[in-house]
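Comments concern the structure below.
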Amino acid sequence: MKKTILLLSISMLTILSCANESSATTTMPDVSKPEAVQKFNLAIKKVAMKKELAPATPRTSAELSDYKKEMLLPAAKDLIASSGVSYAEIERQTRGDREKILTWAVQVYGEYNKQTNKNYKSE
């Protein structure tokens, strides 16, 4: 009887542990869309103001250094997540590729600004 109760307890703990783990990876952000857009906008401004020493490899003016990409990444993920996509889905779709994440964030940013301007003009 004790072995059965012990085995049942361990099984329940395992099931609960796995259930909590999966819900932790698919949580939605605590940031609303306007807040996420503002955070991303501030990150862009911060990156633009950041001066770098001469780059090791020549880049065009449109390219960002790895350091600047890393500065933008958290705000970009929050912005994408504010549109209803979970962090786990972001990682799955982009496979952690910074370029894809930043491109996706710029698209969400552009769509938000386009919608905001459209709403403003209609008023």
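Letters A, B, ... go to the chains of the structure tokens in the order shown; residues in each chain start at 1; ligands are counted from 1 in the same order.
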
Exercise. Might you pull out every residue within 10 Å of stretch 35-40 of chain A, with only C-alpha atoms counted and same-chain residues fewer than 2 positions away left off, and present them as a PyMOL selection string?
Key: chain A and resi 29-33+42-46+72-83+105-106+108-110+112-113

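Residue nearest A:Tyr87 within the list A:Lys118, A:Ile101, A:Asn41, A:Tyr67: A:Ile101 [criterion: smallest interatomic distance, only C-alpha atoms].
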
Between A:Glu111, A:Val47, A:Pro34, A:Gln93, smallest distance to A:Glu70 by only C-alpha atoms belongs to A:Val47
